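Student: Data file start.cif (mmCIF, C-alpha atoms and all ligand atoms; chains and numbers go by the auth columns) is appended below.
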```cif
data_query
#
loop_
_atom_site.group_PDB
_atom_site.id
_atom_site.type_symbol
_atom_site.label_atom_id
_atom_site.label_comp_id
_atom_site.label_asym_id
_atom_site.label_seq_id
_atom_site.Cartn_x
_atom_site.Cartn_y
_atom_site.Cartn_z
_atom_site.B_iso_or_equiv
_atom_site.auth_seq_id
_atom_site.auth_asym_id
ATOM 1 C CA MET A 1 -8.935 -153.816 -73.681 0.00 20 A
ATOM 2 C CA SER A 2 -9.262 -157.548 -73.928 0.00 21 A
ATOM 3 C CA GLN A 3 -10.636 -158.893 -77.216 0.00 22 A
ATOM 4 C CA GLU A 4 -12.129 -161.905 -75.509 0.00 23 A
ATOM 5 C CA PRO A 5 -15.501 -163.184 -76.670 0.00 24 A
ATOM 6 C CA PRO A 6 -18.256 -162.462 -74.106 0.00 25 A
ATOM 7 C CA GLU A 7 -18.827 -166.112 -73.202 0.00 26 A
ATOM 8 C CA LYS A 8 -15.188 -166.462 -72.130 0.00 27 A
ATOM 9 C CA MET A 9 -15.439 -163.328 -70.006 0.00 28 A
ATOM 10 C CA MET A 10 -18.550 -164.725 -68.333 0.00 29 A
ATOM 11 C CA PHE A 11 -16.717 -168.016 -67.829 0.00 30 A
ATOM 12 C CA GLN A 12 -13.946 -166.263 -65.879 0.00 31 A
ATOM 13 C CA LEU A 13 -16.458 -164.213 -63.903 0.00 32 A
ATOM 14 C CA THR A 14 -18.433 -167.287 -62.916 0.00 33 A
ATOM 15 C CA LEU A 15 -15.308 -169.096 -61.721 0.00 34 A
ATOM 16 C CA ARG A 16 -14.242 -166.063 -59.671 0.00 35 A
ATOM 17 C CA ARG A 17 -17.707 -165.514 -58.244 0.00 36 A
ATOM 18 C CA ARG A 18 -17.839 -169.141 -57.155 0.00 37 A
ATOM 19 C CA GLY A 19 -14.590 -168.678 -55.233 0.00 38 A
ATOM 20 C CA ILE A 20 -11.718 -169.656 -57.515 0.00 39 A
ATOM 21 C CA SER A 21 -9.001 -167.123 -56.705 0.00 40 A
ATOM 22 C CA ASP A 22 -5.766 -168.732 -57.902 0.00 41 A
ATOM 23 C CA GLN A 23 -4.634 -166.569 -60.833 0.00 42 A
ATOM 24 C CA THR A 24 -2.599 -169.320 -62.477 0.00 43 A
ATOM 25 C CA ILE A 25 -5.583 -171.657 -62.453 0.00 44 A
ATOM 26 C CA LEU A 26 -7.924 -168.960 -63.797 0.00 45 A
ATOM 27 C CA ARG A 27 -5.460 -168.237 -66.609 0.00 46 A
ATOM 28 C CA THR A 28 -5.097 -171.938 -67.401 0.00 47 A
ATOM 29 C CA MET A 29 -8.883 -172.377 -67.511 0.00 48 A
ATOM 30 C CA GLU A 30 -8.975 -169.510 -69.980 0.00 49 A
ATOM 31 C CA GLU A 31 -6.275 -170.991 -72.182 0.00 50 A
ATOM 32 C CA VAL A 32 -7.466 -174.605 -72.471 0.00 51 A
ATOM 33 C CA PRO A 33 -9.989 -174.618 -75.364 0.00 52 A
ATOM 34 C CA ARG A 34 -12.979 -176.389 -73.768 0.00 53 A
ATOM 35 C CA GLU A 35 -14.894 -176.220 -77.072 0.00 54 A
ATOM 36 C CA THR A 36 -12.427 -178.794 -78.446 0.00 55 A
ATOM 37 C CA PHE A 37 -13.327 -181.300 -75.695 0.00 56 A
ATOM 38 C CA VAL A 38 -17.134 -181.274 -76.044 0.00 57 A
ATOM 39 C CA THR A 39 -19.295 -182.843 -78.760 0.00 58 A
ATOM 40 C CA ALA A 40 -19.945 -180.848 -81.945 0.00 59 A
ATOM 41 C CA ALA A 41 -23.554 -180.337 -80.855 0.00 60 A
ATOM 42 C CA ASP A 42 -22.437 -178.722 -77.569 0.00 61 A
ATOM 43 C CA ARG A 43 -19.769 -176.431 -79.003 0.00 62 A
ATOM 44 C CA GLY A 44 -21.971 -173.391 -78.403 0.00 63 A
ATOM 45 C CA HIS A 45 -22.351 -174.299 -74.707 0.00 64 A
ATOM 46 C CA ALA A 46 -18.681 -175.093 -74.035 0.00 65 A
ATOM 47 C CA TYR A 47 -18.204 -172.122 -71.688 0.00 66 A
ATOM 48 C CA ARG A 48 -21.365 -172.624 -69.662 0.00 67 A
ATOM 49 C CA ASP A 49 -20.716 -173.752 -66.122 0.00 68 A
ATOM 50 C CA SER A 50 -22.271 -177.172 -66.546 0.00 69 A
ATOM 51 C CA ALA A 51 -21.273 -180.771 -67.151 0.00 70 A
ATOM 52 C CA LEU A 52 -21.978 -181.994 -70.699 0.00 71 A
ATOM 53 C CA GLY A 53 -22.474 -185.428 -72.228 0.00 72 A
ATOM 54 C CA ILE A 54 -19.626 -187.039 -74.205 0.00 73 A
ATOM 55 C CA ALA A 55 -19.350 -190.462 -75.896 0.00 74 A
ATOM 56 C CA CYS A 56 -20.009 -193.789 -74.080 0.00 75 A
ATOM 57 C CA GLY A 57 -22.646 -192.211 -71.806 0.00 76 A
ATOM 58 C CA GLN A 58 -19.982 -190.312 -69.839 0.00 77 A
ATOM 59 C CA THR A 59 -19.576 -186.601 -69.048 0.00 78 A
ATOM 60 C CA ILE A 60 -17.050 -183.788 -69.184 0.00 79 A
ATOM 61 C CA SER A 61 -17.087 -182.185 -65.728 0.00 80 A
ATOM 62 C CA GLN A 62 -18.481 -178.771 -64.927 0.00 81 A
ATOM 63 C CA PRO A 63 -15.764 -176.067 -65.283 0.00 82 A
ATOM 64 C CA PHE A 64 -16.178 -174.906 -61.671 0.00 83 A
ATOM 65 C CA VAL A 65 -15.570 -178.448 -60.421 0.00 84 A
ATOM 66 C CA VAL A 66 -12.497 -178.795 -62.664 0.00 85 A
ATOM 67 C CA ALA A 67 -11.081 -175.500 -61.339 0.00 86 A
ATOM 68 C CA TYR A 68 -11.976 -176.320 -57.723 0.00 87 A
ATOM 69 C CA MET A 69 -10.397 -179.777 -57.823 0.00 88 A
ATOM 70 C CA THR A 70 -7.312 -178.340 -59.515 0.00 89 A
ATOM 71 C CA GLU A 71 -7.035 -175.706 -56.763 0.00 90 A
ATOM 72 C CA GLN A 72 -7.428 -178.310 -54.021 0.00 91 A
ATOM 73 C CA LEU A 73 -4.567 -180.355 -55.496 0.00 92 A
ATOM 74 C CA GLN A 74 -2.029 -177.572 -54.753 0.00 93 A
ATOM 75 C CA LEU A 75 0.061 -178.523 -57.769 0.00 94 A
ATOM 76 C CA GLN A 76 3.725 -177.730 -58.143 0.00 95 A
ATOM 77 C CA LYS A 77 5.729 -177.697 -61.362 0.00 96 A
ATOM 78 C CA GLN A 78 7.713 -180.829 -60.512 0.00 97 A
ATOM 79 C CA HIS A 79 4.670 -182.978 -59.623 0.00 98 A
ATOM 80 C CA LYS A 80 3.815 -186.290 -61.208 0.00 99 A
ATOM 81 C CA VAL A 81 0.025 -186.657 -61.295 0.00 100 A
ATOM 82 C CA LEU A 82 -2.356 -189.582 -61.828 0.00 101 A
ATOM 83 C CA GLU A 83 -5.905 -188.987 -63.037 0.00 102 A
ATOM 84 C CA ILE A 84 -8.470 -191.791 -62.988 0.00 103 A
ATOM 85 C CA GLY A 85 -11.236 -191.086 -65.517 0.00 104 A
ATOM 86 C CA THR A 86 -9.851 -189.387 -68.637 0.00 105 A
ATOM 87 C CA GLY A 87 -13.268 -188.830 -70.235 0.00 106 A
ATOM 88 C CA SER A 88 -12.713 -186.015 -72.751 0.00 107 A
ATOM 89 C CA GLY A 89 -9.190 -185.253 -71.501 0.00 108 A
ATOM 90 C CA TYR A 90 -10.177 -181.746 -70.384 0.00 109 A
ATOM 91 C CA GLN A 91 -9.214 -182.067 -66.711 0.00 110 A
ATOM 92 C CA ALA A 92 -5.924 -183.709 -67.765 0.00 111 A
ATOM 93 C CA ALA A 93 -5.192 -180.766 -70.085 0.00 112 A
ATOM 94 C CA VAL A 94 -5.753 -178.260 -67.252 0.00 113 A
ATOM 95 C CA LEU A 95 -3.565 -180.267 -64.847 0.00 114 A
ATOM 96 C CA SER A 96 -0.780 -180.674 -67.403 0.00 115 A
ATOM 97 C CA ARG A 97 -0.152 -176.917 -67.550 0.00 116 A
ATOM 98 C CA LEU A 98 0.571 -176.860 -63.810 0.00 117 A
ATOM 99 C CA CYS A 99 2.727 -179.929 -63.221 0.00 118 A
ATOM 100 C CA LYS A 100 5.454 -182.030 -64.807 0.00 119 A
ATOM 101 C CA HIS A 101 3.569 -185.084 -66.012 0.00 120 A
ATOM 102 C CA VAL A 102 0.018 -186.464 -66.042 0.00 121 A
ATOM 103 C CA LEU A 103 -0.830 -190.143 -66.421 0.00 122 A
ATOM 104 C CA THR A 104 -4.556 -190.393 -67.082 0.00 123 A
ATOM 105 C CA MET A 105 -6.469 -193.697 -67.169 0.00 124 A
ATOM 106 C CA GLU A 106 -9.749 -194.449 -68.925 0.00 125 A
ATOM 107 C CA ARG A 107 -11.698 -197.720 -69.122 0.00 126 A
ATOM 108 C CA TYR A 108 -13.393 -196.976 -72.491 0.00 127 A
ATOM 109 C CA ARG A 109 -11.113 -197.450 -75.491 0.00 128 A
ATOM 110 C CA THR A 110 -13.221 -195.035 -77.561 0.00 129 A
ATOM 111 C CA LEU A 111 -12.705 -192.263 -75.005 0.00 130 A
ATOM 112 C CA ALA A 112 -9.026 -193.041 -74.361 0.00 131 A
ATOM 113 C CA ASP A 113 -8.251 -193.032 -78.104 0.00 132 A
ATOM 114 C CA SER A 114 -10.116 -189.824 -78.842 0.00 133 A
ATOM 115 C CA ALA A 115 -8.709 -188.002 -75.792 0.00 134 A
ATOM 116 C CA ARG A 116 -5.169 -189.087 -76.750 0.00 135 A
ATOM 117 C CA ALA A 117 -5.610 -187.859 -80.333 0.00 136 A
ATOM 118 C CA ARG A 118 -7.182 -184.573 -79.192 0.00 137 A
ATOM 119 C CA LEU A 119 -4.460 -183.839 -76.610 0.00 138 A
ATOM 120 C CA GLU A 120 -1.716 -184.669 -79.109 0.00 139 A
ATOM 121 C CA LYS A 121 -3.235 -182.404 -81.725 0.00 140 A
ATOM 122 C CA LEU A 122 -3.458 -179.560 -79.207 0.00 141 A
ATOM 123 C CA GLY A 123 0.212 -180.062 -78.315 0.00 142 A
ATOM 124 C CA TYR A 124 -0.166 -181.252 -74.700 0.00 143 A
ATOM 125 C CA ASP A 125 2.976 -183.344 -74.697 0.00 144 A
ATOM 126 C CA ASN A 126 3.305 -184.176 -70.984 0.00 145 A
ATOM 127 C CA ILE A 127 0.152 -186.302 -70.765 0.00 146 A
ATOM 128 C CA GLU A 128 0.010 -190.066 -71.189 0.00 147 A
ATOM 129 C CA VAL A 129 -3.444 -191.518 -71.810 0.00 148 A
ATOM 130 C CA LEU A 130 -3.685 -195.146 -70.779 0.00 149 A
ATOM 131 C CA LEU A 131 -6.538 -197.532 -71.518 0.00 150 A
ATOM 132 C CA GLY A 132 -6.954 -199.277 -68.187 0.00 151 A
ATOM 133 C CA ASP A 133 -8.758 -199.704 -64.905 0.00 152 A
ATOM 134 C CA GLY A 134 -8.026 -197.140 -62.218 0.00 153 A
ATOM 135 C CA PHE A 135 -8.690 -199.844 -59.618 0.00 154 A
ATOM 136 C CA ASP A 136 -5.707 -201.732 -61.059 0.00 155 A
ATOM 137 C CA ILE A 137 -2.836 -199.341 -61.753 0.00 156 A
ATOM 138 C CA PRO A 138 0.207 -200.906 -63.429 0.00 157 A
ATOM 139 C CA ALA A 139 3.034 -201.389 -60.903 0.00 158 A
ATOM 140 C CA GLY A 140 5.490 -199.934 -63.417 0.00 159 A
ATOM 141 C CA ALA A 141 3.730 -196.562 -63.279 0.00 160 A
ATOM 142 C CA GLY A 142 5.354 -195.866 -59.906 0.00 161 A
ATOM 143 C CA ASP A 143 3.983 -193.553 -57.215 0.00 162 A
ATOM 144 C CA PHE A 144 2.435 -190.100 -57.580 0.00 163 A
ATOM 145 C CA ASP A 145 2.624 -186.702 -55.895 0.00 164 A
ATOM 146 C CA ARG A 146 -1.046 -186.133 -56.641 0.00 165 A
ATOM 147 C CA ILE A 147 -3.957 -188.435 -57.531 0.00 166 A
ATOM 148 C CA ILE A 148 -7.276 -187.126 -58.809 0.00 167 A
ATOM 149 C CA VAL A 149 -10.251 -189.411 -59.317 0.00 168 A
ATOM 150 C CA THR A 150 -12.973 -187.975 -61.554 0.00 169 A
ATOM 151 C CA ALA A 151 -15.503 -190.794 -61.176 0.00 170 A
ATOM 152 C CA ALA A 152 -17.479 -191.654 -58.032 0.00 171 A
ATOM 153 C CA MET A 153 -16.032 -194.327 -55.750 0.00 172 A
ATOM 154 C CA GLU A 154 -18.011 -195.992 -52.969 0.00 173 A
ATOM 155 C CA GLN A 155 -14.799 -195.951 -50.987 0.00 174 A
ATOM 156 C CA ILE A 156 -11.178 -195.084 -51.645 0.00 175 A
ATOM 157 C CA PRO A 157 -9.201 -198.289 -52.251 0.00 176 A
ATOM 158 C CA GLU A 158 -6.194 -198.883 -49.980 0.00 177 A
ATOM 159 C CA GLN A 159 -4.065 -199.759 -53.027 0.00 178 A
ATOM 160 C CA LEU A 160 -4.755 -196.314 -54.443 0.00 179 A
ATOM 161 C CA LEU A 161 -3.680 -194.538 -51.233 0.00 180 A
ATOM 162 C CA ALA A 162 -0.555 -196.685 -51.241 0.00 181 A
ATOM 163 C CA ARG A 163 0.462 -195.056 -54.544 0.00 182 A
ATOM 164 C CA LEU A 164 0.729 -191.584 -52.945 0.00 183 A
ATOM 165 C CA GLU A 165 4.198 -190.182 -52.293 0.00 184 A
ATOM 166 C CA PRO A 166 4.837 -188.858 -48.742 0.00 185 A
ATOM 167 C CA GLY A 167 3.158 -185.443 -48.500 0.00 186 A
ATOM 168 C CA GLY A 168 0.974 -186.419 -51.468 0.00 187 A
ATOM 169 C CA ILE A 169 -2.670 -185.435 -51.941 0.00 188 A
ATOM 170 C CA LEU A 170 -5.509 -187.536 -53.338 0.00 189 A
ATOM 171 C CA LEU A 171 -8.910 -186.129 -54.314 0.00 190 A
ATOM 172 C CA ALA A 172 -11.905 -188.344 -54.990 0.00 191 A
ATOM 173 C CA PRO A 173 -15.705 -188.127 -55.063 0.00 192 A
ATOM 174 C CA VAL A 174 -16.801 -190.666 -52.463 0.00 193 A
ATOM 175 C CA GLY A 175 -20.342 -191.934 -52.110 0.00 194 A
ATOM 176 C CA PRO A 176 -23.145 -193.860 -53.773 0.00 195 A
ATOM 177 C CA HIS A 177 -23.011 -194.323 -57.534 0.00 196 A
ATOM 178 C CA GLN A 178 -26.450 -192.805 -57.945 0.00 197 A
ATOM 179 C CA GLY A 179 -26.919 -189.426 -56.325 0.00 198 A
ATOM 180 C CA VAL A 180 -24.681 -187.040 -54.447 0.00 199 A
ATOM 181 C CA GLN A 181 -21.115 -187.792 -53.403 0.00 200 A
ATOM 182 C CA THR A 182 -18.684 -185.899 -51.186 0.00 201 A
ATOM 183 C CA LEU A 183 -15.410 -184.708 -52.605 0.00 202 A
ATOM 184 C CA VAL A 184 -12.778 -186.038 -50.191 0.00 203 A
ATOM 185 C CA ARG A 185 -9.188 -184.843 -49.914 0.00 204 A
ATOM 186 C CA VAL A 186 -6.664 -187.244 -48.413 0.00 205 A
ATOM 187 C CA THR A 187 -3.173 -186.049 -47.492 0.00 206 A
ATOM 188 C CA ARG A 188 -0.414 -188.538 -46.799 0.00 207 A
ATOM 189 C CA THR A 189 1.449 -187.422 -43.657 0.00 208 A
ATOM 190 C CA ASP A 190 4.269 -189.012 -41.669 0.00 209 A
ATOM 191 C CA ALA A 191 1.642 -190.340 -39.268 0.00 210 A
ATOM 192 C CA GLY A 192 -0.714 -191.768 -41.885 0.00 211 A
ATOM 193 C CA PHE A 193 -3.585 -190.309 -43.891 0.00 212 A
ATOM 194 C CA ASP A 194 -5.544 -187.117 -43.119 0.00 213 A
ATOM 195 C CA ARG A 195 -9.045 -187.056 -44.586 0.00 214 A
ATOM 196 C CA LYS A 196 -11.135 -183.964 -45.158 0.00 215 A
ATOM 197 C CA ALA A 197 -14.619 -183.735 -46.669 0.00 216 A
ATOM 198 C CA LEU A 198 -14.839 -180.735 -48.996 0.00 217 A
ATOM 199 C CA VAL A 199 -18.055 -180.246 -51.000 0.00 218 A
ATOM 200 C CA ASP A 200 -20.941 -182.208 -52.468 0.00 219 A
ATOM 201 C CA VAL A 201 -20.443 -183.286 -56.058 0.00 220 A
ATOM 202 C CA ARG A 202 -22.080 -185.519 -58.657 0.00 221 A
ATOM 203 C CA PHE A 203 -19.910 -187.740 -60.827 0.00 222 A
ATOM 204 C CA VAL A 204 -20.576 -190.753 -63.034 0.00 223 A
ATOM 205 C CA PRO A 205 -19.572 -194.002 -61.287 0.00 224 A
ATOM 206 C CA ALA A 206 -16.105 -195.523 -61.246 0.00 225 A
ATOM 207 C CA LEU A 207 -16.590 -199.089 -62.498 0.00 226 A
ATOM 208 C CA PRO A 208 -14.080 -201.934 -62.453 0.00 227 A
ATOM 209 C CA GLY A 209 -12.381 -203.396 -65.505 0.00 228 A
ATOM 210 C CA ILE A 210 -11.974 -202.261 -69.103 0.00 229 A
ATOM 211 C CA ALA A 211 -15.393 -201.433 -70.562 0.00 230 A
ATOM 212 C CA ARG A 212 -16.895 -203.754 -73.148 0.00 231 A
ATOM 213 C CA GLU A 213 -17.818 -201.785 -76.220 0.00 232 A
ATOM 214 C CA LEU A 214 -19.939 -202.862 -79.155 0.00 233 A
HETATM 215 N N1 LIG B . -12.120 -185.996 -66.221 0.00 301 B
HETATM 216 C C1 LIG B . -13.042 -186.144 -67.341 0.00 301 B
HETATM 217 C C2 LIG B . -14.451 -186.451 -66.910 0.00 301 B
HETATM 218 C C3 LIG B . -14.542 -187.771 -66.270 0.00 301 B
HETATM 219 S S1 LIG B . -16.071 -188.638 -66.434 0.00 301 B
HETATM 220 C C4 LIG B . -13.012 -184.918 -68.228 0.00 301 B
HETATM 221 O O1 LIG B . -12.307 -183.947 -67.914 0.00 301 B
HETATM 222 O O2 LIG B . -13.664 -184.950 -69.282 0.00 301 B
HETATM 223 C C5 LIG B . -15.512 -190.107 -65.620 0.00 301 B
HETATM 224 C C6 LIG B . -14.720 -191.030 -66.505 0.00 301 B
HETATM 225 O O3 LIG B . -14.187 -192.047 -65.671 0.00 301 B
HETATM 226 C C7 LIG B . -15.564 -191.729 -67.561 0.00 301 B
HETATM 227 O O4 LIG B . -15.030 -191.514 -68.834 0.00 301 B
HETATM 228 C C8 LIG B . -15.482 -193.200 -67.157 0.00 301 B
HETATM 229 O O5 LIG B . -15.487 -194.091 -68.253 0.00 301 B
HETATM 230 C C9 LIG B . -14.161 -193.248 -66.417 0.00 301 B
HETATM 231 N N2 LIG B . -13.994 -194.354 -65.470 0.00 301 B
HETATM 232 C C10 LIG B . -14.922 -194.915 -64.651 0.00 301 B
HETATM 233 N N3 LIG B . -14.380 -195.912 -63.931 0.00 301 B
HETATM 234 C C11 LIG B . -13.069 -196.009 -64.307 0.00 301 B
HETATM 235 C C12 LIG B . -11.990 -196.860 -63.937 0.00 301 B
HETATM 236 N N4 LIG B . -12.128 -197.845 -63.039 0.00 301 B
HETATM 237 N N5 LIG B . -10.789 -196.667 -64.521 0.00 301 B
HETATM 238 C C13 LIG B . -10.614 -195.697 -65.445 0.00 301 B
HETATM 239 N N6 LIG B . -11.602 -194.858 -65.848 0.00 301 B
HETATM 240 C C14 LIG B . -12.819 -195.008 -65.286 0.00 301 B
#
```
Please express what this file holds, its structure, as structure tokens.
Tutor:
Amino acid sequence: MSQEPPEKMMFQLTLRRRGISDQTILRTMEEVPRETFVTAADRGHAYRDSALGIACGQTISQPFVVAYMTEQLQLQKQHKVLEIGTGSGYQAAVLSRLCKHVLTMERYRTLADSARARLEKLGYDNIEVLLGDGFDIPAGAGDFDRIIVTAAMEQIPEQLLARLEPGGILLAPVGPHQGVQTLVRVTRTDAGFDRKALVDVRFVPALPGIAREL
């Protein structure tokens, strides 16, 4: 019999019931300690299927959305992945177990520094956390097999699509900053870009530039 605490069993059940079927992703979601990524006050709610507030007025995504986006990325072990919107670092941690390398960008120094420290302490050694603007990715970072945007964009910038390797997949919440967005999956094919609308989601906005902090 499993010795898992009941909230972790419920967590797995909820993900399965909502349609996550990939065993590797379910196992990874079980292994990444979400309680380490939320604020001290929310530790008791870490395994609820809801988004929670973090520093700088931002949020850690809902576990179902993290699992769903991870599933839609169809990751392979050799993939190099870009995430825009580090936040707590939770999504980056999940991705890192399923690919070769994750570069994750965050516009708040406070969040980038604390995510970097947290991920290092937990031993996730294939993640680079970069303070920067996801609308302005350093040329030296190269191209990516997968790109995941975890903040809402009014549209997907051409320069971002240009950073996808052939056969690459990009996922982004597209829509108005306030309200509901559509999660869009773009696949780079020989002929161009295939776009598919997936589900409605609600993310905090993607904003340009490094954030000013007091
Ligand atoms: N993936 C995160 C949740 C992301 S919340 C997690 O697992 O916890 C969205 C994050 O995107 C916020 O932290 C916000 O500051 C950041 N963000 C918004 N616009 C950005 C931009 N242009 N470049 C980099 N990060 C951005």
Student: Give the answer as one residue: which of A:Thr105, A:Gln91, A:Thr47, A:Ser115 has the shortest atom-to-atom distance to ligand LIG 301 (chain B), using only C-alpha atoms and all ligand atoms?
Tutor: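 Closest to ligand LIG 301 (chain B), using only C-alpha atoms and all ligand atoms: A:Thr105.
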Student: Counting only C-alpha atoms, figure out which residue out of A:Gly228, A:Gly198, A:Gly211, A:Pro25 gets nearest to Gly186 (chain A).
Tutor: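 Of A:Gly228, A:Gly198, A:Gly211, A:Pro25, the one nearest Gly186 (chain A) is A:Gly211, counting only C-alpha atoms.
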Student: Collect all residues with atoms no farther than 7 Å from ligand LIG 301 (chain B), counting all atoms listed in the file, and output them as a PyMOL selection string.
Tutor: chain A and resi 77-80+103-111+124-127+130+151-154+169-170+222-228
Student: Please identify all polymer residues within 9 Å of region 199-210 of chain A, counting all atoms listed in the file, omitting same-chain residues fewer than 6 positions from it, and present them as a list of chain:residue names.
Tutor: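 Residues meeting the cut-off are A:Met88, A:Gln91, A:Leu92, A:Ala171, A:Met172, A:Glu173, A:Leu180, A:Leu183, A:Glu184, A:Pro185, A:Gly186, A:Gly187, A:Ile188, A:Leu189, A:Leu190, A:Ala191, A:Pro192, A:Val193, A:Ala216, A:Leu217, A:Val218, A:Asp219, A:Val220, A:Arg221, A:Phe222.
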Student: By how many Å are CA of Asp68 (chain A) and CA of Arg135 (chain A) apart?
Tutor: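 CA of Arg135 (chain A) lies at a distance of 24.3 Å from CA of Asp68 (chain A).
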Student: What separation in Å, quoted to one decimal, exists between CA of Ala131 (chain A) and CA of Val148 (chain A)?
Tutor: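 About the pair CA of Ala131 (chain A) and CA of Val148 (chain A): they are 6.3 Å apart.
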Student: As a check of understanding, name the residues that the PyMOL selection byres (((chain A and resi 69) around 7) and not hetatm) selects in the supplied structure, as a PyMOL selection string.
Tutor: chain A and resi 67-68+70-71+81-82
Student: Of the candidates A:Gln97, A:Thr33, A:Gln42, A:Thr58, which shows the shortest atom-to-atom distance to Phe163 (chain A), using all atoms listed in the file?
Tutor: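 Nearest candidate to Phe163 (chain A) out of A:Gln97, A:Thr33, A:Gln42, A:Thr58: A:Gln97.
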Student: Closest to Ala74 (chain A) among A:Tyr143, A:Phe212, A:Phe30, A:Phe56, using all atoms listed in the file?
Tutor: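 Using all atoms listed in the file, Ala74 (chain A) sits closest to A:Phe56.
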Student: Would you mind reading off the distance between CA of Leu138 (chain A) and CA of Lys96 (chain A), one decimal, in Å?
Tutor: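 Atom-to-atom, CA of Leu138 (chain A) to CA of Lys96 (chain A), that is 19.3 Å.
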Student: Go through A:Ala160, A:Ala86, A:Ala60, A:Leu141 and flag the residue nearest Gln31 (chain A), using all atoms listed in the file for the distances.
Tutor: A:Ala86
Student: Between A:Leu179, A:Leu114, A:Val121, A:Ile166, which has the minimum distance to Val85 (chain A) (counting all atoms listed in the file)?
Tutor: A:Leu114
Student: Write out as a tab-separated table (two decimals) with C-alpha atoms, keeping the file's coordinate frame each polymer residue whose atoms come within 12 Å of Lys140 (chain A), counting all atoms listed in the file; drop sequence neighbours fewer than 4 positions from it.
Tutor:
```tsv
chain	number	residue	atom	x	y	z
A	55	THR	CA	-12.43	-178.79	-78.45
A	56	PHE	CA	-13.33	-181.30	-75.69
A	112	ALA	CA	-5.19	-180.77	-70.08
A	133	SER	CA	-10.12	-189.82	-78.84
A	134	ALA	CA	-8.71	-188.00	-75.79
A	135	ARG	CA	-5.17	-189.09	-76.75
A	136	ALA	CA	-5.61	-187.86	-80.33
A	144	ASP	CA	2.98	-183.34	-74.70
```
Student: For the point (-5.7, -175.1, -61.5) in file coordinates, what residues are within 7 Å, counting only C-alpha atoms? Give the answer as a list in words?
Tutor: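 Checked against the point, the hits come out as Thr43, Ile44, Leu45, Thr47, Ala86, Thr89, Glu90, Val113, Leu114 and Leu117 of chain A.
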Student: Just say which residues the PyMOL selection byres (((chain A and resi 161) around 12) and not hetatm) picks in this file, as a list in words.
Tutor: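 Taken over the shown coordinates, the PyMOL selection byres (((chain A and resi 161) around 12) and not hetatm) returns Lys99, Val100, Leu101, Leu122, Ile156, Pro157, Ala158, Gly159, Ala160, Asp162, Phe163, Asp164, Leu179, Ala181, Arg182, Leu183 and Glu184 of chain A.
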Student: Any idea what's packed within 6 Å of Glu102 (chain A), counting all atoms listed in the file, ignoring anything in its chain fewer than 5 positions away? Could you give it as a compact mmCIF listing (two decimals) with C-alpha atoms, in the coordinates of the input?
Tutor:
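That gives us out-v4.txt:
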```txt
# COMPACT_ATOMS: atom_id res chain seq x y z
CA THR A 123 -4.56 -190.39 -67.08
CA ILE A 166 -3.96 -188.44 -57.53
CA ILE A 167 -7.28 -187.13 -58.81
CA VAL A 168 -10.25 -189.41 -59.32
```
